[in-house]
Amino acid sequence: MNALTLWFHKTGSPPTAYRLAGRIMPWCYGLGLVLGLVALYGGLVLAPRDYQQGDAYRIIFIHVPCAWMGLFAYFFMAANAFIALVWRIKLSEVLAMAAAPVGAAFTFITLVTGSLWGKPMWGTWWTWDARLTSELVLLFLYLGVIGLHAAIEDRRQAARAAGFLALIGVVNIPIVHFSVNWWNTLHQGSTVRLMGPSKIDGSMIWPLLLMALATHVWFFGSVLARTRIGLLELDGGKDWVRAIALGETEARA
Amino acid sequence: MKPGSTLAACAALVRRDLTLVWRRRGDAANPILFALIVVALFPLALGPEPEQLRRIAAGVVFVAILLAGLLALDTLFRSDYEDGSLEQLVLSPHPLSLLLACKIAVHWLTTALPLIVVSPLLGELLHLAAPLRGLLPLALLLATPLLSLLGAVCVALTVGMHRSGMLLALLVLPLYVPVLIFGAGACNAAQAGLPFAAPLLWLGAALVLVLVLAPLACAAALRISLS
Amino acid sequence: MPPAPRQPEDHRDRPALLEARGLALSRNDEPIFGPLDFALHPGEVVLVEGDNGAGKTTLLRVLSGLLAPTSGEIRLAGEPLTLARLSPQVALLSHANGLKPELTAIENLRFAAGLLGLRSGLSPTTALAGVGLAGYDDVPTRTLSAGQKKRVALARVLLAPVGLWLLDEPYANLDRDGIQLVNRLLENHANRGGAALITSHGAYAYTSGTPRRIALRGGNPGGGGPAGGSGFSRDAAVPEIRDGFAAEAAPADRSNSGGEA
Amino acid sequence: MNDFLAMGGYGAYVWGSYAVFFVVLAIEALAPRATRRRVLTELRGRLRRREQRNEPSA
């Protein structure tokens with residue numbers, strides 16, 4: 001066995017992964033928070049007012065990073081589900097299922113902030129714009145994965161079934177996007193482009209990118225937190241979990 | 001046909017499923033009645049103006065048939081799962097995906113095809129525009145096998161759950177979105193005097209692809225949920 | 001590797017129909033059974049004993065290939081069993097009979113024959129007669145009693161051209177004649193060079209021949225001491241496997257009380 | 001300061017968006033803690049059951 005596979009086996013073993021995740025997780029959360037606050041300062045205070053949209057455009061600093069995260073989390077989930085189904089690696093199963101609720105949260109934020117942005121810009125809370133519609137379908141895909149995972153008793157079987165669904169969804173996403181785009185051209189009337197070809201100033205772009213970085217780091221922190229729980233559930237009968245379960249009782253007593 | 005050959009197995013399965021449908025023929029009309037009721041609800045909700053109904057006719061018929069198919073999906077594996085014949089199917093030495101393809105085909109023939117046959121009637125209830133009378137069944141003919149095949153994969157994932165109805169809808173509907181868009185979209189385009197061949201061709205292409213992939217995915221999903 | 005299974009002389013020259021090595025299954029990390037090591041040779045009938053919830057049914061599902069084991073491997077006639085390619089050499093009788101209530105007995109058997117093929121010299125009708133249901137050909141399965149349904153399911157197993165039978169509680173729901181019928185079917189199958197693994201929750205009834213027994217204790221390794229002289233068990237505590245020769249064979253009158261569901 | 005809060009008349013939308021962002025992410029970050037507590041309680045129950053089961057035979 002070469003050094004790399006050895007390393008994977010060692011890191012992929014639940015107790016090691018649990019400990020490693022525990023060590024990295026607070027850094028992700030902390031870094032995400034700090035970067036996010038800096039980005040917010042840049043976006044809300046430093047960035048100039050948009051000549052067309054006024055201050056309303058400032059929603060972009062959370063809307064767009066969250067939209068990116070929604071997609072990123074889905075691909076992260078699907079990639080892990082693929083690894084889990086093909087090589088039956090426990091850690092990947094847990095990682096995939098940990099990403100689902102986080103991705104769903106980001107997608108939800110995208111939809112709500114998009115709606116809040118749409119009201120002053122388009123005069124309506126909701127429009128059947130291609131992006132919004134695709135985003136809605138993405139949210140349903142997430143909810144399907146989460147629902148299926150919750151509905152099956154055996155944790156490994158649940159992860160495999162939900163992972164399989166996530167893989168079907170990953171094929172579905174571009175098809176939905178393509179079909180919704182086509183559908184939208186058929187009903188041109190209601191289309192309003194959210195982001196026109198207007199040039200974005202440098203003072204606007206850096207908070208956006210920084211916020212994207214912050215959400216990514218935050219995402220990994222949250223995924224690791226959920227992964228730890230998933231590992232505990234999966235390895236419930238093992239000694240290392242027993243030590244953790246009993247250790248926490250003592251700590252509280 | 002040699003007994004024990006894959007062909008014989010498929011034939012036996014098709015014959016059995018058709019016999020079963022015939023023995024339960026009372027249930028066969030249920031999807032049609034359901035679609036009829038859904039379509040009848042629209043004039044009641046929106047008012048009887050023919051012009052308004054004509055505008056939405058194709059879309060409403062499409063959605064009604066999609067929902068009727070969704071309700072019928074549950075019967076695809078349920079009884080086979082409950083009486084243990086699904087296990088026998090999985091344990092047979094023949095390619096599971098092929099056997100499942102046969103099952104899905106019979107299911108489509110007995111649930112979706114009758115709906116297509118009554119679709120002109122449903123359209124007439126909503127004053128469907130004359131040029132769409134031929135196009136709507138054609139679009140349905142391309143779209144409903146897609147719905148059945150995609151639905152079968154999701155049913156296979158939820159097989160064995162006691163109350164899978166809502167969950168199944170949640171899993172299936174995102175997959176149905178593109179089919180609905182192209183199927184109903186073709187009709188709407190034709191109604192607006194736009195070219196409508198492209199969406200139909202897309203549906204056809206998707207059907208060929210899904211015809212190959214869905215039984216394989218369905219078999220893999222079934223193995224996961226039976227374990 | 002555990003020591004090689006001890007076998008009666010006449011089976012030594014033929015490969016094992018079924019071989020399990022270190023076979024174990026757990027769900028949500030709760031052990032269900034195992035690790036188990038055993039082999040099933042042509043002409044053998046092995047009885048899996050255990051209380052409710054000991055994992056008998058699950059073991060049969062694993063052995064048939066429906067369920068992937070958590071660890072260990074299964075070999076059927078020397079070939080490893082994988083989920084991707086199930087073996088055509090296994091017939092499974094599970095709790096659910098696998099019969100369609102709307103179809104007649106003969107239609108159910110015809111379908112089974114179409115799916116799995118026919119054992120040479122048998123037809124659905126003769127198989128039905130072989131389980132004591134001659135003349136029931138055109139009766140809808142729905143109207144049959146639980147015991148008669150079990151017989152139809154047994155006819156399905158009988159019909160399949162396979163060497164290995166995995167029967168889950170074959171005695172359940174059967175009357176005295178039915179129990180003897182199962183024993184006769186098993187005996188004939190063993191004499192033909194087939195093998196069978198049957199489960200029973202204690203009230204076993206296989207009286208003829210030399211049934212070897214595997215006792216499942218579920219995932220609770222607390223109980224049960226090591227079985228003296230057992231050559232099959234990797235872990236002395238789980239499971240306990242004994243050879244069921246003379247001293248262990250069931251007394252004949254036990255079959256009367258056996259088979260209660 | 002008031003100017004900043006008003007966001008050129010779009011205050012409700014902008015601050016509303018940011019509120020949603022923070023609330024959802026806060027819930028999302030706190031949820032694992034509750035789950036973790038629940039899982040550990042379940043595990044302890046399981047361990048206790050297992051010990052009880054083993055004691056009589058031991």
# chains A, B, ... in the order shown; residues from 1 in each chain; ligands from 1
call {"tool": "closest_atom_pairs", "arguments": {"of": "chain A", "to": "chain D", "cutoff": "10 Å", "atoms": "only C-alpha atoms", "output": "JSON lines"}}
result
{"residue": "A:Tyr29", "atom": "CA", "partner": "D:Ala29", "partner_atom": "CA", "distance": 9.0}
{"residue": "A:Leu40", "atom": "CA", "partner": "D:Tyr18", "partner_atom": "CA", "distance": 9.6}
{"residue": "A:Leu44", "atom": "CA", "partner": "D:Phe4", "partner_atom": "CA", "distance": 8.5}
{"residue": "A:Val45", "atom": "CA", "partner": "D:Phe4", "partner_atom": "CA", "distance": 8.0}
{"residue": "A:Arg49", "atom": "CA", "partner": "D:Gly8", "partner_atom": "CA", "distance": 9.0}
{"residue": "A:Gln53", "atom": "CA", "partner": "D:Tyr10", "partner_atom": "CA", "distance": 9.7}
{"residue": "A:Gly54", "atom": "CA", "partner": "D:Gly8", "partner_atom": "CA", "distance": 6.7}
{"residue": "A:Asp55", "atom": "CA", "partner": "D:Met7", "partner_atom": "CA", "distance": 5.3}
{"residue": "A:Ala56", "atom": "CA", "partner": "D:Tyr10", "partner_atom": "CA", "distance": 5.5}
{"residue": "A:Tyr57", "atom": "CA", "partner": "D:Val14", "partner_atom": "CA", "distance": 8.2}
{"residue": "A:Arg58", "atom": "CA", "partner": "D:Val14", "partner_atom": "CA", "distance": 6.8}
{"residue": "A:Ile59", "atom": "CA", "partner": "D:Val14", "partner_atom": "CA", "distance": 5.7}
{"residue": "A:Ile60", "atom": "CA", "partner": "D:Val14", "partner_atom": "CA", "distance": 9.5}
{"residue": "A:Phe61", "atom": "CA", "partner": "D:Tyr18", "partner_atom": "CA", "distance": 9.4}
{"residue": "A:Ile62", "atom": "CA", "partner": "D:Phe21", "partner_atom": "CA", "distance": 7.3}
{"residue": "A:His63", "atom": "CA", "partner": "D:Ser17", "partner_atom": "CA", "distance": 8.4}
{"residue": "A:Cys66", "atom": "CA", "partner": "D:Phe21", "partner_atom": "CA", "distance": 9.0}
{"residue": "A:Ala98", "atom": "CA", "partner": "D:Pro32", "partner_atom": "CA", "distance": 9.9}
{"residue": "A:Pro101", "atom": "CA", "partner": "D:Glu28", "partner_atom": "CA", "distance": 8.0}
{"residue": "A:Val102", "atom": "CA", "partner": "D:Glu28", "partner_atom": "CA", "distance": 6.9}
{"residue": "A:Ala104", "atom": "CA", "partner": "D:Glu28", "partner_atom": "CA", "distance": 9.8}
{"residue": "A:Ala105", "atom": "CA", "partner": "D:Val24", "partner_atom": "CA", "distance": 6.7}
{"residue": "A:Phe106", "atom": "CA", "partner": "D:Leu25", "partner_atom": "CA", "distance": 8.1}
{"residue": "A:Phe108", "atom": "CA", "partner": "D:Val24", "partner_atom": "CA", "distance": 8.5}
{"residue": "A:Ile109", "atom": "CA", "partner": "D:Phe21", "partner_atom": "CA", "distance": 6.0}
{"residue": "A:Thr110", "atom": "CA", "partner": "D:Phe21", "partner_atom": "CA", "distance": 8.8}
{"residue": "A:Val112", "atom": "CA", "partner": "D:Ser17", "partner_atom": "CA", "distance": 7.3}
{"residue": "A:Thr113", "atom": "CA", "partner": "D:Ser17", "partner_atom": "CA", "distance": 5.0}
{"residue": "A:Gly114", "atom": "CA", "partner": "D:Ser17", "partner_atom": "CA", "distance": 8.5}
{"residue": "A:Ser115", "atom": "CA", "partner": "D:Ser17", "partner_atom": "CA", "distance": 9.1}
{"residue": "A:Leu116", "atom": "CA", "partner": "D:Tyr13", "partner_atom": "CA", "distance": 5.5}
{"residue": "A:Trp117", "atom": "CA", "partner": "D:Tyr13", "partner_atom": "CA", "distance": 6.6}
{"residue": "A:Gly118", "atom": "CA", "partner": "D:Tyr13", "partner_atom": "CA", "distance": 9.3}
{"residue": "A:Lys119", "atom": "CA", "partner": "D:Tyr13", "partner_atom": "CA", "distance": 8.1}
{"residue": "A:Pro120", "atom": "CA", "partner": "D:Tyr10", "partner_atom": "CA", "distance": 7.4}
{"residue": "A:Thr215", "atom": "CA", "partner": "D:Leu25", "partner_atom": "CA", "distance": 9.9}
{"residue": "A:Trp218", "atom": "CA", "partner": "D:Ala29", "partner_atom": "CA", "distance": 9.2}
{"residue": "A:Phe219", "atom": "CA", "partner": "D:Ala29", "partner_atom": "CA", "distance": 9.7}
{"residue": "A:Gly221", "atom": "CA", "partner": "D:Ala29", "partner_atom": "CA", "distance": 8.9}
{"residue": "A:Ser222", "atom": "CA", "partner": "D:Ala29", "partner_atom": "CA", "distance": 6.4}
{"residue": "A:Val223", "atom": "CA", "partner": "D:Pro32", "partner_atom": "CA", "distance": 9.5}
{"residue": "A:Leu224", "atom": "CA", "partner": "D:Pro32", "partner_atom": "CA", "distance": 10.0}
{"residue": "A:Ala225", "atom": "CA", "partner": "D:Pro32", "partner_atom": "CA", "distance": 6.5}
{"residue": "A:Arg226", "atom": "CA", "partner": "D:Pro32", "partner_atom": "CA", "distance": 5.9}
{"residue": "A:Thr227", "atom": "CA", "partner": "D:Pro32", "partner_atom": "CA", "distance": 9.5}
{"residue": "A:Arg228", "atom": "CA", "partner": "D:Arg36", "partner_atom": "CA", "distance": 8.5}
{"residue": "A:Ile229", "atom": "CA", "partner": "D:Arg36", "partner_atom": "CA", "distance": 5.7}
{"residue": "A:Gly230", "atom": "CA", "partner": "D:Arg36", "partner_atom": "CA", "distance": 9.0}
{"residue": "A:Leu232", "atom": "CA", "partner": "D:Val39", "partner_atom": "CA", "distance": 7.7}
{"residue": "A:Glu233", "atom": "CA", "partner": "D:Val39", "partner_atom": "CA", "distance": 6.8}
{"residue": "A:Gly236", "atom": "CA", "partner": "D:Leu43", "partner_atom": "CA", "distance": 6.5}
{"residue": "A:Gly237", "atom": "CA", "partner": "D:Leu47", "partner_atom": "CA", "distance": 8.0}
{"residue": "A:Val241", "atom": "CA", "partner": "D:Leu43", "partner_atom": "CA", "distance": 8.4}
{"residue": "A:Arg242", "atom": "CA", "partner": "D:Leu47", "partner_atom": "CA", "distance": 7.6}
{"residue": "A:Ile244", "atom": "CA", "partner": "D:Leu40", "partner_atom": "CA", "distance": 8.4}
{"residue": "A:Ala245", "atom": "CA", "partner": "D:Leu40", "partner_atom": "CA", "distance": 5.6}
{"residue": "A:Leu246", "atom": "CA", "partner": "D:Arg44", "partner_atom": "CA", "distance": 7.0}
{"residue": "A:Glu248", "atom": "CA", "partner": "D:Leu40", "partner_atom": "CA", "distance": 8.4}
{"residue": "A:Thr249", "atom": "CA", "partner": "D:Arg44", "partner_atom": "CA", "distance": 8.7}
call {"tool": "residues_around", "arguments": {"residues": "Tyr81 (chain B)", "least_positions_apart": "2", "cutoff": "10 Å", "atoms": "only C-alpha atoms", "output": "PyMOL selection string"}}
result
(chain B and resi 76-79+83-88+159-160+226) or (chain C and resi 96+98)
call {"tool": "residues_around", "arguments": {"residues": "region 130-138 of chain B", "least_positions_apart": "3", "cutoff": "12 Å", "atoms": "only C-alpha atoms", "output": "ChimeraX atom specification"}}
result
/B:54-62,65,112-124,126-127,141-145,182-193,196-197,199-201,203-204
call {"tool": "residues_around", "arguments": {"residues": "Lys90 (chain A)", "least_positions_apart": "4", "cutoff": "12 Å", "atoms": "only C-alpha atoms", "output": "PyMOL selection string"}}
result
(chain A and resi 9+11-15+17+80-86+94-97+155-157+159-160+227+230-235) or (chain C and resi 70)
call {"tool": "select_by_dssp", "arguments": {"residues": "region 112-210 of chain A", "states": "alpha helix (DSSP H)", "output": "PyMOL selection string"}}
result
chain A and resi 112-122+130-151+155-186+202-210
